[in-house]
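*Asks:* Next comes the structure file coords15.cif, holding mmCIF, C-alpha atoms and all ligand atoms.
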```cif
data_work
loop_
_atom_site.label_atom_id
_atom_site.label_comp_id
_atom_site.auth_asym_id
_atom_site.auth_seq_id
_atom_site.Cartn_x
_atom_site.Cartn_y
_atom_site.Cartn_z
CA MET A 1 75.42 4.35 -36.04
CA THR A 2 73.43 5.53 -33.05
CA PRO A 3 71.73 8.78 -33.95
CA PRO A 4 71.93 11.68 -31.53
CA SER A 5 68.99 11.78 -29.18
CA ILE A 6 67.05 14.43 -31.03
CA SER A 7 68.27 15.06 -34.52
CA ARG A 8 67.11 17.64 -37.00
CA ARG A 9 65.30 14.80 -38.78
CA ASP A 10 63.84 13.64 -35.46
CA LEU A 11 62.21 17.00 -35.22
CA VAL A 12 59.19 15.36 -36.72
CA LYS A 13 59.08 13.11 -33.70
CA ALA A 14 60.27 15.51 -31.05
CA GLY A 15 60.43 19.27 -31.52
CA ALA A 16 57.72 19.80 -34.06
CA LEU A 17 55.36 17.41 -32.42
CA ALA A 18 56.26 18.81 -29.09
CA ALA A 19 55.04 22.15 -30.36
CA LEU A 20 51.95 20.46 -31.65
CA GLY A 21 51.49 18.65 -28.38
CA THR A 22 51.31 22.00 -26.65
CA ILE A 23 48.79 23.22 -29.15
CA ALA A 24 46.92 19.93 -28.91
CA GLY A 25 46.67 20.52 -25.18
CA SER A 26 44.80 23.69 -25.92
CA GLY A 27 42.48 21.80 -28.25
CA CYS A 28 43.45 23.13 -31.67
CA SER A 29 46.00 20.67 -33.04
CA VAL A 30 44.45 19.81 -36.42
CA ALA A 31 43.82 22.51 -38.98
CA ARG A 32 41.00 21.60 -41.37
CA ARG A 33 41.30 24.67 -43.56
CA THR A 34 42.71 24.13 -47.06
CA PRO A 35 45.81 26.29 -47.35
CA THR A 36 45.66 28.90 -50.05
CA ARG A 37 49.36 29.64 -50.21
CA ARG A 38 51.40 28.63 -53.23
CA PHE A 39 54.24 26.14 -52.86
CA ALA A 40 57.02 26.28 -55.44
CA LYS A 41 58.67 22.91 -55.99
CA VAL A 42 62.42 22.52 -55.58
CA ARG A 43 64.04 21.66 -58.89
CA VAL A 44 66.34 18.80 -57.93
CA ALA A 45 68.88 17.70 -60.53
CA ARG A 46 72.55 16.80 -60.46
CA ASP A 47 73.41 19.59 -62.89
CA ARG A 48 71.85 22.16 -60.51
CA VAL A 49 74.33 21.25 -57.72
CA ILE A 50 76.62 24.23 -57.08
CA ARG A 51 78.63 22.85 -54.15
CA ILE A 52 78.88 20.15 -51.53
CA THR A 53 79.91 21.27 -48.05
CA VAL A 54 81.04 19.15 -45.14
CA GLY A 55 81.35 20.13 -41.49
CA LEU A 56 82.04 18.40 -38.18
CA ARG A 57 79.48 19.12 -35.49
CA PRO A 58 81.15 19.48 -32.05
CA TYR A 59 79.05 16.87 -30.26
CA ARG A 60 78.98 15.73 -26.63
CA PRO A 61 76.53 12.96 -25.65
CA SER A 62 75.85 14.73 -22.34
CA GLY A 63 75.44 18.13 -24.01
CA PHE A 64 77.31 21.41 -24.27
CA VAL A 65 79.70 22.72 -21.61
CA VAL A 66 79.39 26.14 -19.99
CA ARG A 67 81.45 26.30 -16.82
CA ALA A 68 84.36 28.09 -15.19
CA GLN A 69 87.70 26.45 -14.42
CA ARG A 70 90.68 27.94 -12.55
CA PHE A 71 94.26 27.46 -13.69
CA GLY A 72 96.15 29.29 -10.93
CA GLU A 73 95.45 32.99 -11.35
CA LYS A 74 93.76 32.48 -14.71
CA LEU A 75 90.00 31.95 -15.02
CA VAL A 76 88.93 29.95 -18.07
CA VAL A 77 85.23 29.85 -18.93
CA HIS A 78 84.24 27.06 -21.31
CA ASN A 79 81.53 27.50 -23.95
CA TYR A 80 81.70 24.62 -26.43
CA GLY A 81 80.15 21.33 -27.56
CA HIS A 82 76.88 22.50 -29.14
CA GLY A 83 76.51 19.63 -31.64
CA GLY A 84 73.99 20.48 -34.37
CA ALA A 85 72.55 23.50 -32.58
CA GLY A 86 75.34 26.04 -32.18
CA ILE A 87 73.77 28.74 -34.33
CA THR A 88 70.50 28.22 -32.46
CA LEU A 89 71.88 28.35 -28.92
CA SER A 90 74.77 30.78 -29.44
CA TRP A 91 73.40 33.91 -27.76
CA GLY A 92 72.01 31.87 -24.88
CA THR A 93 75.11 29.91 -23.86
CA SER A 94 77.37 32.87 -24.67
CA ASP A 95 75.33 35.00 -22.28
CA MET A 96 75.88 32.36 -19.58
CA ALA A 97 79.61 32.29 -20.37
CA ALA A 98 79.84 36.09 -20.32
CA THR A 99 78.08 36.16 -16.95
CA LEU A 100 80.57 33.64 -15.51
CA ALA A 101 83.49 35.64 -16.94
CA MET A 102 82.17 38.87 -15.35
CA GLU A 103 82.25 37.29 -11.88
CA ALA A 104 86.01 37.99 -11.93
CA GLN A 105 85.25 41.66 -12.79
CA PRO A 106 87.80 41.77 -15.61
CA SER A 107 88.39 44.86 -17.74
CA ARG A 108 89.70 42.69 -20.60
CA VAL A 109 88.94 39.17 -21.69
CA GLY A 110 90.52 36.84 -24.26
CA VAL A 111 88.14 34.74 -26.34
CA ILE A 112 89.55 31.70 -28.13
CA GLY A 113 87.59 30.92 -31.28
CA CYS A 114 85.93 32.99 -33.98
CA GLY A 115 82.96 30.82 -34.88
CA VAL A 116 79.44 31.70 -33.77
CA MET A 117 80.29 31.03 -30.08
CA GLY A 118 83.42 33.19 -30.05
CA LEU A 119 81.74 36.07 -31.84
CA THR A 120 78.54 36.09 -29.79
CA THR A 121 80.56 35.80 -26.56
CA ALA A 122 82.76 38.71 -27.67
CA ARG A 123 79.72 40.89 -28.47
CA LEU A 124 78.03 40.16 -25.15
CA LEU A 125 81.24 40.93 -23.23
CA GLN A 126 81.70 44.18 -25.14
CA GLN A 127 78.16 45.14 -24.21
CA ARG A 128 79.22 44.71 -20.56
CA GLY A 129 82.03 47.21 -21.07
CA VAL A 130 84.90 44.73 -21.42
CA ALA A 131 87.78 44.98 -23.94
CA VAL A 132 88.02 41.77 -25.97
CA THR A 133 90.81 40.09 -27.91
CA ILE A 134 89.85 37.11 -30.06
CA TYR A 135 92.47 34.43 -30.75
CA ALA A 136 91.54 31.95 -33.46
CA LYS A 137 93.13 29.43 -35.77
CA ASP A 138 90.47 30.01 -38.44
CA LEU A 139 88.24 32.99 -39.12
CA PRO A 140 84.93 33.17 -41.03
CA PRO A 141 84.27 31.96 -43.68
CA ASN A 142 86.49 29.02 -42.68
CA THR A 143 84.74 27.85 -39.49
CA VAL A 144 82.26 25.03 -38.87
CA SER A 145 79.72 27.72 -38.08
CA ASN A 146 79.87 28.81 -41.73
CA VAL A 147 78.84 25.29 -42.82
CA ALA A 148 75.70 25.19 -40.66
CA GLY A 149 72.26 25.06 -42.23
CA GLY A 150 71.05 27.79 -39.87
CA GLN A 151 67.60 26.58 -38.87
CA TRP A 152 66.72 27.85 -35.39
CA SER A 153 66.00 24.63 -33.55
CA PRO A 154 67.73 23.22 -30.47
CA VAL A 155 68.08 19.64 -31.73
CA SER A 156 70.91 17.13 -32.37
CA LEU A 157 72.88 18.17 -29.33
CA PHE A 158 72.81 15.38 -26.73
CA ASP A 159 72.03 11.68 -26.27
CA ARG A 160 68.65 11.09 -24.71
CA ASN A 161 70.05 8.57 -22.22
CA ARG A 162 72.58 11.14 -20.92
CA ARG A 163 69.99 13.80 -20.15
CA THR A 164 69.88 15.27 -16.63
CA PRO A 165 67.48 17.78 -15.06
CA GLU A 166 70.41 20.20 -14.61
CA PHE A 167 71.29 20.05 -18.30
CA ASP A 168 67.63 20.40 -19.31
CA ALA A 169 67.33 23.56 -17.22
CA GLN A 170 70.45 25.04 -18.86
CA LEU A 171 69.22 24.10 -22.32
CA VAL A 172 65.81 25.68 -21.82
CA LYS A 173 67.38 28.85 -20.44
CA ALA A 174 69.86 29.10 -23.33
CA ALA A 175 67.21 28.37 -25.98
CA ARG A 176 64.79 30.96 -24.64
CA PHE A 177 67.48 33.64 -24.34
CA SER A 178 68.74 32.97 -27.84
CA TRP A 179 65.26 32.91 -29.37
CA ASN A 180 64.55 36.33 -27.89
CA TYR A 181 67.97 37.79 -28.61
CA TYR A 182 67.86 36.92 -32.32
CA GLN A 183 64.63 38.89 -32.52
CA ARG A 184 66.36 42.01 -31.22
CA LEU A 185 68.80 42.02 -34.14
CA SER A 186 68.20 43.67 -37.46
CA PRO A 187 66.96 40.73 -39.60
CA ALA A 188 68.40 41.78 -42.96
CA HIS A 189 71.73 42.84 -41.51
CA HIS A 190 72.17 39.58 -39.56
CA GLY A 191 70.71 37.19 -42.14
CA ILE A 192 67.61 36.22 -40.15
CA ARG A 193 64.17 35.48 -41.51
CA TRP A 194 61.00 33.72 -40.42
CA ILE A 195 60.01 30.64 -42.36
CA GLU A 196 57.37 27.91 -42.29
CA ASN A 197 58.71 24.42 -41.56
CA TYR A 198 56.84 21.27 -42.58
CA ALA A 199 57.74 18.11 -40.66
CA LEU A 200 56.41 15.34 -42.87
CA SER A 201 55.30 11.83 -41.98
CA ASP A 202 52.70 9.16 -42.69
CA GLU A 203 52.09 8.71 -38.99
CA GLN A 204 50.31 11.04 -36.67
CA ARG A 205 52.80 10.88 -33.88
CA THR A 206 51.67 12.07 -30.54
CA GLY A 207 54.89 11.95 -28.54
CA THR A 208 54.93 14.17 -25.51
CA PRO A 209 57.30 17.12 -25.73
CA ASP A 210 60.84 16.69 -24.48
CA HIS A 211 60.97 20.31 -23.43
CA PRO A 212 57.52 21.88 -23.39
CA GLU A 213 59.06 25.30 -22.70
CA ILE A 214 61.13 25.10 -25.89
CA ALA A 215 58.34 23.53 -27.92
CA ALA A 216 56.07 26.39 -26.97
CA LEU A 217 58.45 28.83 -28.67
CA TYR A 218 57.73 27.46 -32.16
CA ALA A 219 55.10 29.73 -33.64
CA ASP A 220 51.94 28.98 -35.58
CA ALA A 221 52.05 25.19 -35.11
CA ARG A 222 49.36 23.15 -36.88
CA LEU A 223 48.88 19.54 -37.89
CA LEU A 224 47.72 19.41 -41.52
CA GLU A 225 46.22 16.30 -43.09
CA GLY A 226 45.51 14.97 -46.59
CA ASN A 227 44.58 17.70 -49.06
CA ASP A 228 45.32 20.46 -46.59
CA HIS A 229 48.95 20.33 -47.66
CA PRO A 230 50.70 19.59 -50.98
CA PHE A 231 53.26 17.06 -49.73
CA PRO A 232 53.27 13.33 -50.59
CA THR A 233 52.82 12.26 -46.96
CA ARG A 234 49.68 11.81 -44.94
CA TYR A 235 50.58 14.42 -42.33
CA ALA A 236 52.41 17.73 -42.42
CA GLN A 237 53.21 19.27 -39.07
CA ARG A 238 53.72 22.94 -39.69
CA PHE A 239 55.49 25.39 -37.40
CA THR A 240 57.33 28.64 -37.92
CA THR A 241 60.84 29.38 -36.76
CA MET A 242 63.86 31.42 -37.88
CA LEU A 243 66.31 30.56 -40.63
CA ILE A 244 69.66 32.25 -40.11
CA GLU A 245 72.17 32.62 -42.94
CA PRO A 246 75.47 31.82 -41.20
CA SER A 247 77.72 33.65 -43.67
CA THR A 248 75.75 36.90 -43.22
CA LEU A 249 75.52 36.51 -39.45
CA LEU A 250 79.23 35.78 -39.00
CA GLU A 251 80.36 38.55 -41.33
CA THR A 252 78.17 41.09 -39.55
CA LEU A 253 79.29 39.95 -36.10
CA THR A 254 82.94 40.10 -37.15
CA SER A 255 82.46 43.74 -38.27
CA GLU A 256 80.53 44.56 -35.10
CA VAL A 257 83.17 43.18 -32.73
CA ARG A 258 85.90 45.01 -34.66
CA GLN A 259 83.95 48.27 -34.67
CA ALA A 260 83.55 47.96 -30.91
CA GLY A 261 87.33 47.74 -30.57
CA ALA A 262 88.11 44.01 -30.52
CA GLN A 263 91.43 42.81 -31.84
CA ILE A 264 91.29 39.57 -33.81
CA ILE A 265 94.56 37.64 -33.77
CA VAL A 266 95.06 34.60 -35.97
CA ARG A 267 96.77 32.12 -33.71
CA GLU A 268 96.44 28.45 -32.79
CA LEU A 269 96.70 27.71 -29.07
CA ARG A 270 98.43 24.36 -28.71
CA SER A 271 98.29 23.68 -24.97
CA VAL A 272 96.72 24.76 -21.71
CA GLU A 273 100.09 26.33 -20.84
CA GLU A 274 99.81 28.58 -23.90
CA VAL A 275 96.28 29.56 -22.85
CA VAL A 276 97.42 30.36 -19.32
CA ALA A 277 100.23 32.51 -20.74
CA LEU A 278 97.80 34.80 -22.60
CA PRO A 279 97.85 38.36 -21.20
CA GLU A 280 94.13 38.61 -20.32
CA PRO A 281 93.17 37.48 -16.78
CA VAL A 282 89.99 35.77 -18.03
CA ILE A 283 89.75 33.55 -21.12
CA VAL A 284 86.58 32.17 -22.71
CA ASN A 285 87.13 28.91 -24.55
CA CYS A 286 84.91 28.85 -27.67
CA THR A 287 86.96 26.36 -29.68
CA GLY A 288 84.15 23.97 -30.66
CA LEU A 289 85.66 20.61 -31.56
CA GLY A 290 89.11 22.08 -30.86
CA ALA A 291 88.41 21.78 -27.10
CA ARG A 292 88.95 18.02 -27.36
CA GLU A 293 92.65 18.44 -27.95
CA LEU A 294 93.22 21.76 -26.23
CA PHE A 295 91.51 20.88 -22.94
CA GLY A 296 91.48 17.07 -23.23
CA ASP A 297 87.69 16.65 -23.32
CA GLN A 298 87.47 13.06 -24.53
CA GLU A 299 83.67 13.12 -24.57
CA LEU A 300 83.71 15.61 -27.43
CA MET A 301 83.40 13.94 -30.82
CA PRO A 302 82.72 14.96 -34.42
CA ILE A 303 79.39 14.22 -36.08
CA LYS A 304 80.03 14.70 -39.76
CA GLY A 305 77.33 16.53 -41.69
CA GLN A 306 77.16 17.08 -45.41
CA LEU A 307 75.04 19.48 -47.45
CA VAL A 308 74.31 19.22 -51.15
CA VAL A 309 73.60 22.74 -52.36
CA LEU A 310 71.49 23.49 -55.44
CA LEU A 311 71.19 26.77 -57.32
CA PRO A 312 69.14 29.29 -55.32
CA GLN A 313 65.38 29.36 -55.92
CA PRO A 314 63.96 32.53 -54.36
CA ASP A 315 60.39 31.29 -54.91
CA VAL A 316 60.87 28.40 -52.44
CA ASP A 317 59.80 29.82 -49.08
CA TYR A 318 59.37 26.83 -46.78
CA ILE A 319 61.53 24.18 -45.08
CA THR A 320 60.82 20.44 -45.35
CA LEU A 321 61.91 17.98 -42.64
CA ARG A 322 61.60 14.25 -43.14
CA ASP A 323 62.93 11.21 -41.29
CA ARG A 324 66.19 11.08 -43.25
CA THR A 325 66.47 14.39 -45.08
CA TYR A 326 65.80 18.11 -44.88
CA MET A 327 65.62 21.05 -47.29
CA PHE A 328 66.43 24.67 -46.30
CA PRO A 329 66.00 27.39 -48.96
CA ARG A 330 68.68 30.02 -48.42
CA SER A 331 69.73 32.98 -50.51
CA ASP A 332 73.05 31.26 -51.27
CA GLY A 333 71.41 28.03 -52.43
CA ILE A 334 68.88 25.30 -51.68
CA LEU A 335 70.41 23.12 -48.97
CA LEU A 336 69.66 19.40 -49.05
CA GLY A 337 70.89 17.73 -45.87
CA GLY A 338 70.27 14.91 -43.46
CA THR A 339 73.58 13.16 -42.75
CA PHE A 340 74.82 12.47 -39.22
CA GLU A 341 77.99 10.33 -39.26
CA ARG A 342 79.02 9.89 -35.67
CA ASN A 343 82.71 9.93 -34.84
CA VAL A 344 83.67 10.45 -38.48
CA SER A 345 86.25 13.19 -38.86
CA THR A 346 87.03 13.29 -42.57
CA LEU A 347 85.99 16.37 -44.51
CA GLU A 348 85.84 14.36 -47.74
CA PRO A 349 82.34 14.33 -49.27
CA ASN A 350 80.61 10.96 -49.09
CA ASP A 351 79.40 10.18 -52.64
CA ALA A 352 76.89 7.55 -51.53
CA GLN A 353 75.25 10.12 -49.25
CA VAL A 354 75.19 12.70 -52.05
CA THR A 355 73.33 10.22 -54.27
CA ARG A 356 70.92 9.22 -51.50
CA VAL A 357 70.06 12.80 -50.59
CA LEU A 358 69.58 13.80 -54.25
CA ASP A 359 67.49 10.70 -55.10
CA GLU A 360 65.23 11.04 -52.08
CA HIS A 361 64.58 14.71 -52.78
CA THR A 362 64.02 14.08 -56.50
CA ARG A 363 61.33 11.48 -55.75
CA PHE A 364 59.80 13.65 -53.05
CA PHE A 365 59.44 16.84 -55.10
CA GLU A 366 58.20 14.91 -58.17
CA ARG A 367 55.33 13.59 -56.07
CA MET A 368 54.53 16.92 -54.41
CA ARG A 369 51.64 19.02 -55.70
CA GLY A 370 52.65 22.53 -56.73
CA ALA A 371 54.27 24.58 -59.42
C1 LIG B 1 76.11 20.19 -41.86
C2 LIG B 1 75.82 20.98 -40.61
C3 LIG B 1 74.57 21.56 -40.44
C4 LIG B 1 74.29 22.30 -39.29
N1 LIG B 1 73.07 22.89 -39.19
C5 LIG B 1 72.78 23.64 -38.10
C6 LIG B 1 71.53 24.30 -38.01
O1 LIG B 1 70.69 24.23 -38.92
N2 LIG B 1 71.27 25.02 -36.88
C7 LIG B 1 72.18 25.14 -35.86
O2 LIG B 1 71.87 25.80 -34.87
N3 LIG B 1 73.39 24.53 -35.94
C8 LIG B 1 73.72 23.78 -37.02
N4 LIG B 1 74.93 23.14 -37.10
C9 LIG B 1 75.83 23.16 -35.92
C10 LIG B 1 76.73 24.38 -35.84
O3 LIG B 1 77.42 24.55 -37.04
C11 LIG B 1 77.74 24.21 -34.68
O4 LIG B 1 77.10 23.83 -33.49
C12 LIG B 1 78.45 25.55 -34.43
O5 LIG B 1 79.01 26.02 -35.63
C13 LIG B 1 79.55 25.44 -33.37
O6 LIG B 1 80.11 26.74 -33.26
P1 LIG B 1 81.47 26.99 -32.50
O7 LIG B 1 81.72 28.46 -32.53
O8 LIG B 1 81.46 26.30 -31.19
O9 LIG B 1 82.57 26.20 -33.37
P2 LIG B 1 83.35 26.60 -34.73
O10 LIG B 1 82.48 27.27 -35.69
O11 LIG B 1 84.06 25.35 -35.12
O12 LIG B 1 84.43 27.65 -34.24
C14 LIG B 1 85.54 27.25 -33.46
C15 LIG B 1 86.59 28.33 -33.50
O13 LIG B 1 87.66 27.97 -32.63
C16 LIG B 1 88.89 28.00 -33.33
N5 LIG B 1 89.80 27.04 -32.70
C17 LIG B 1 89.61 25.72 -32.49
N6 LIG B 1 90.68 25.20 -31.85
C18 LIG B 1 91.55 26.22 -31.67
C19 LIG B 1 92.82 26.33 -31.08
N7 LIG B 1 93.43 25.28 -30.54
N8 LIG B 1 93.45 27.54 -31.06
C20 LIG B 1 92.85 28.62 -31.61
N9 LIG B 1 91.64 28.58 -32.20
C21 LIG B 1 91.00 27.40 -32.21
C22 LIG B 1 88.51 27.67 -34.75
O14 LIG B 1 89.54 28.06 -35.65
C23 LIG B 1 87.23 28.51 -34.88
O15 LIG B 1 87.56 29.87 -35.09
C24 LIG B 1 75.27 22.42 -38.24
C25 LIG B 1 76.52 21.86 -38.43
C26 LIG B 1 76.81 21.14 -39.58
C27 LIG B 1 78.18 20.55 -39.76
#
```
Show me, as structure tokens, the structure contained in the file I just sent.
Ligand SMILES: Cc1cc2nc3c(=O)[nH]c(=O)nc-3n(C[C@H](O)[C@H](O)[C@H](O)COP(=O)(O)OP(=O)(O)OC[C@H]3O[C@@H](n4cnc5c(N)ncnc54)[C@H](O)[C@@H]3O)c2cc1C
*Replies:*
Amino acid sequence: MTPPSISRRDLVKAGALAALGTIAGSGCSVARRTPTRRFAKVRVARDRVIRITVGLRPYRPSGFVVRAQRFGEKLVVHNYGHGGAGITLSWGTSDMAATLAMEAQPSRVGVIGCGVMGLTTARLLQQRGVAVTIYAKDLPPNTVSNVAGGQWSPVSLFDRNRRTPEFDAQLVKAARFSWNYYQRLSPAHHGIRWIENYALSDEQRTGTPDHPEIAALYADARLLEGNDHPFPTRYAQRFTTMLIEPSTLLETLTSEVRQAGAQIIVRELRSVEEVVALPEPVIVNCTGLGARELFGDQELMPIKGQLVVLLPQPDVDYITLRDRTYMFPRSDGILLGGTFERNVSTLEPNDAQVTRVLDEHTRFFERMRGA
């Protein structure tokens, strides 16, 4: 399996180090101070598993699609294909999609899809004074967006060899918009909190940033060595970003779009003809993986991801990222992840991956210093 160009686990090599690279450029990359904070260990055990969730990331090797397409009188604006970064980029690409939709000066817009893209697009259109109807096959909590881990980090969303300057510019713009927009929302109400991330490795990697403008967003980045961190690796690259609880975010956004007058209609659109027949003059396509069939985008493929979820541990207040696994502590459980199965579309849990993820985390937290 070829991994996506930058995966959440590659963050160690790309995003996190990119952030550090920026800091290194300003001459303060290595922190020598012994941290005084307490690190609670994750208690990993099979009998603490409360659920296993599986989702299919809507992945395109050349990256997400935001563009307008005419079908006769109807304007369709696409906003799909965000791979493993849809929660992260949502406000940014939805703002671009809403801007394209507004070029037709519509008073009402149809949005297909009620995952994070559909809901953020609907909100941003409502804020521009437009009446919105959402059409969706599945509503929260039954969308891929509900399965996401929720770390704010624009990774796992394109193949490195398909990158273009045009896509890079769009990505940077979307990431920056989204980063800022999340900070305008009420954190508790939308399930957002700031959290330290530790990208762990035995090598001090000094890769140059892929996107220095994105890397610079990560706050409080430091390279910690040896006894300056409690983890069983030589280096810990720390940075701070947001962790977003998808179920809270999606529930709140659903209430907000309804309160602002949106109608939500449960309906599957089966063809372009059915889309064109919708009453609104402008339609925004936020169907995620559904766009493959609906609009015939053959580049769109699933990347299966699986999360093993342990009982919540409120005392765990940091994220760990390693080459093959990650741990996100959320209020609804401790998420153990790190699977990227390209072009696999089954939603059946993979037992071998469950065992691997549990075993690797068991060994890791046994060797970590802490309480
Ligand atoms: C295990 C895992 C971990 C992840 N972790 C993160 C993370 O930490 N951070 C991050 O930013 N991202 C993460 N992601 C990625 C994120 O979940 C996706 O990028 C995001 O959910 C895509 O949102 P969406 O709204 O485009 O699609 P979806 O959530 O799939 O929503 C699509 C909507 O369109 C509807 N639809 C589809 N086809 C049709 C049709 N024909 N007619 C009508 N309705 C239709 C669906 O019913 C649904 O309502 C993760 C994903 C997985 C699987």
*Asks:* Between A:Ala104, A:Gly86, A:Thr53, A:Arg48, single out the one closest to Val282 of chain A, counting all atoms listed in the file.
*Replies:*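 Looking only at the distances to Val282 of chain A, the closest residue turns out to be A:Ala104.
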*Asks:* List as JSON lines every residue of chain A that is in contact with ligand LIG 1 (chain B), defined as an atom at most 7 Å from one of its atoms (using all atoms listed in the file), together with the nearest atom pair and the distance in Å rounded to one decimal, sorted by chain and then rising number.
*Replies:*
```
{"residue": "A:Val54", "atom": "CA", "partner": "B:LIG1", "partner_atom": "C1", "distance": 6.0}
{"residue": "A:Gly55", "atom": "CA", "partner": "B:LIG1", "partner_atom": "C27", "distance": 3.6}
{"residue": "A:Leu56", "atom": "CA", "partner": "B:LIG1", "partner_atom": "C27", "distance": 4.7}
{"residue": "A:Arg57", "atom": "CA", "partner": "B:LIG1", "partner_atom": "C27", "distance": 4.7}
{"residue": "A:Pro58", "atom": "CA", "partner": "B:LIG1", "partner_atom": "O4", "distance": 6.1}
{"residue": "A:Tyr80", "atom": "CA", "partner": "B:LIG1", "partner_atom": "O8", "distance": 5.1}
{"residue": "A:Gly81", "atom": "CA", "partner": "B:LIG1", "partner_atom": "O8", "distance": 6.3}
{"residue": "A:His82", "atom": "CA", "partner": "B:LIG1", "partner_atom": "O4", "distance": 4.6}
{"residue": "A:Gly83", "atom": "CA", "partner": "B:LIG1", "partner_atom": "O4", "distance": 4.6}
{"residue": "A:Gly84", "atom": "CA", "partner": "B:LIG1", "partner_atom": "C9", "distance": 3.6}
{"residue": "A:Ala85", "atom": "CA", "partner": "B:LIG1", "partner_atom": "O2", "distance": 3.3}
{"residue": "A:Gly86", "atom": "CA", "partner": "B:LIG1", "partner_atom": "O4", "distance": 3.1}
{"residue": "A:Ile87", "atom": "CA", "partner": "B:LIG1", "partner_atom": "O2", "distance": 3.5}
{"residue": "A:Thr88", "atom": "CA", "partner": "B:LIG1", "partner_atom": "O2", "distance": 3.7}
{"residue": "A:Leu89", "atom": "CA", "partner": "B:LIG1", "partner_atom": "O2", "distance": 6.5}
{"residue": "A:Ile112", "atom": "CA", "partner": "B:LIG1", "partner_atom": "N9", "distance": 5.5}
{"residue": "A:Gly113", "atom": "CA", "partner": "B:LIG1", "partner_atom": "O13", "distance": 3.2}
{"residue": "A:Cys114", "atom": "CA", "partner": "B:LIG1", "partner_atom": "O15", "distance": 3.7}
{"residue": "A:Gly115", "atom": "CA", "partner": "B:LIG1", "partner_atom": "O12", "distance": 3.6}
{"residue": "A:Val116", "atom": "CA", "partner": "B:LIG1", "partner_atom": "O7", "distance": 4.2}
{"residue": "A:Met117", "atom": "CA", "partner": "B:LIG1", "partner_atom": "O7", "distance": 3.8}
{"residue": "A:Gly118", "atom": "CA", "partner": "B:LIG1", "partner_atom": "O7", "distance": 5.6}
{"residue": "A:Tyr135", "atom": "CA", "partner": "B:LIG1", "partner_atom": "C20", "distance": 5.9}
{"residue": "A:Ala136", "atom": "CA", "partner": "B:LIG1", "partner_atom": "N9", "distance": 3.6}
{"residue": "A:Lys137", "atom": "CA", "partner": "B:LIG1", "partner_atom": "O14", "distance": 3.8}
{"residue": "A:Asp138", "atom": "CA", "partner": "B:LIG1", "partner_atom": "O14", "distance": 3.5}
{"residue": "A:Leu139", "atom": "CA", "partner": "B:LIG1", "partner_atom": "O15", "distance": 5.1}
{"residue": "A:Thr143", "atom": "CA", "partner": "B:LIG1", "partner_atom": "O10", "distance": 4.5}
{"residue": "A:Val144", "atom": "CA", "partner": "B:LIG1", "partner_atom": "O10", "distance": 3.9}
{"residue": "A:Ser145", "atom": "CA", "partner": "B:LIG1", "partner_atom": "O5", "distance": 3.1}
{"residue": "A:Asn146", "atom": "CA", "partner": "B:LIG1", "partner_atom": "O10", "distance": 6.8}
{"residue": "A:Val147", "atom": "CA", "partner": "B:LIG1", "partner_atom": "C26", "distance": 5.6}
{"residue": "A:Ala148", "atom": "CA", "partner": "B:LIG1", "partner_atom": "C4", "distance": 3.5}
{"residue": "A:Gly149", "atom": "CA", "partner": "B:LIG1", "partner_atom": "O1", "distance": 3.8}
{"residue": "A:Gly150", "atom": "CA", "partner": "B:LIG1", "partner_atom": "O1", "distance": 3.7}
{"residue": "A:Gln151", "atom": "CA", "partner": "B:LIG1", "partner_atom": "O1", "distance": 3.9}
{"residue": "A:Trp152", "atom": "CA", "partner": "B:LIG1", "partner_atom": "N2", "distance": 5.6}
{"residue": "A:Ser153", "atom": "CA", "partner": "B:LIG1", "partner_atom": "O2", "distance": 6.1}
{"residue": "A:Pro154", "atom": "CA", "partner": "B:LIG1", "partner_atom": "O2", "distance": 6.6}
{"residue": "A:Arg267", "atom": "CA", "partner": "B:LIG1", "partner_atom": "C20", "distance": 5.7}
{"residue": "A:Glu268", "atom": "CA", "partner": "B:LIG1", "partner_atom": "N8", "distance": 3.6}
{"residue": "A:Leu269", "atom": "CA", "partner": "B:LIG1", "partner_atom": "N8", "distance": 3.8}
{"residue": "A:Arg270", "atom": "CA", "partner": "B:LIG1", "partner_atom": "N7", "distance": 5.4}
{"residue": "A:Cys286", "atom": "CA", "partner": "B:LIG1", "partner_atom": "O8", "distance": 5.5}
{"residue": "A:Thr287", "atom": "CA", "partner": "B:LIG1", "partner_atom": "O13", "distance": 3.4}
{"residue": "A:Gly288", "atom": "CA", "partner": "B:LIG1", "partner_atom": "O8", "distance": 3.6}
{"residue": "A:Leu289", "atom": "CA", "partner": "B:LIG1", "partner_atom": "O11", "distance": 6.1}
{"residue": "A:Gly290", "atom": "CA", "partner": "B:LIG1", "partner_atom": "N6", "distance": 3.6}
{"residue": "A:Ala291", "atom": "CA", "partner": "B:LIG1", "partner_atom": "N6", "distance": 6.3}
{"residue": "A:Leu294", "atom": "CA", "partner": "B:LIG1", "partner_atom": "N7", "distance": 5.6}
{"residue": "A:Lys304", "atom": "CA", "partner": "B:LIG1", "partner_atom": "C27", "distance": 6.1}
{"residue": "A:Gly305", "atom": "CA", "partner": "B:LIG1", "partner_atom": "C1", "distance": 3.9}
{"residue": "A:Gln306", "atom": "CA", "partner": "B:LIG1", "partner_atom": "C1", "distance": 4.8}
{"residue": "A:Leu307", "atom": "CA", "partner": "B:LIG1", "partner_atom": "C1", "distance": 5.7}
```
*Asks:* List as number ranges by chain the protein and nucleic acid residues near segment 63-73 of chain A, meaning an atom at most 7 Å away when all atoms listed in the file are counted, but skip any in the same chain fewer than 3 places from it.
*Replies:* A: 60, 76-82, 93, 97, 100, 157-158
*Asks:* At a cut-off of 8 Å, using only C-alpha atoms, what residues contact segment 336-339 of chain A? Leave out same-chain residues fewer than 4 positions from it and give the result as a PyMOL selection string.
*Replies:* chain A and resi 8-9+304-310+324-328+353+357-358+361
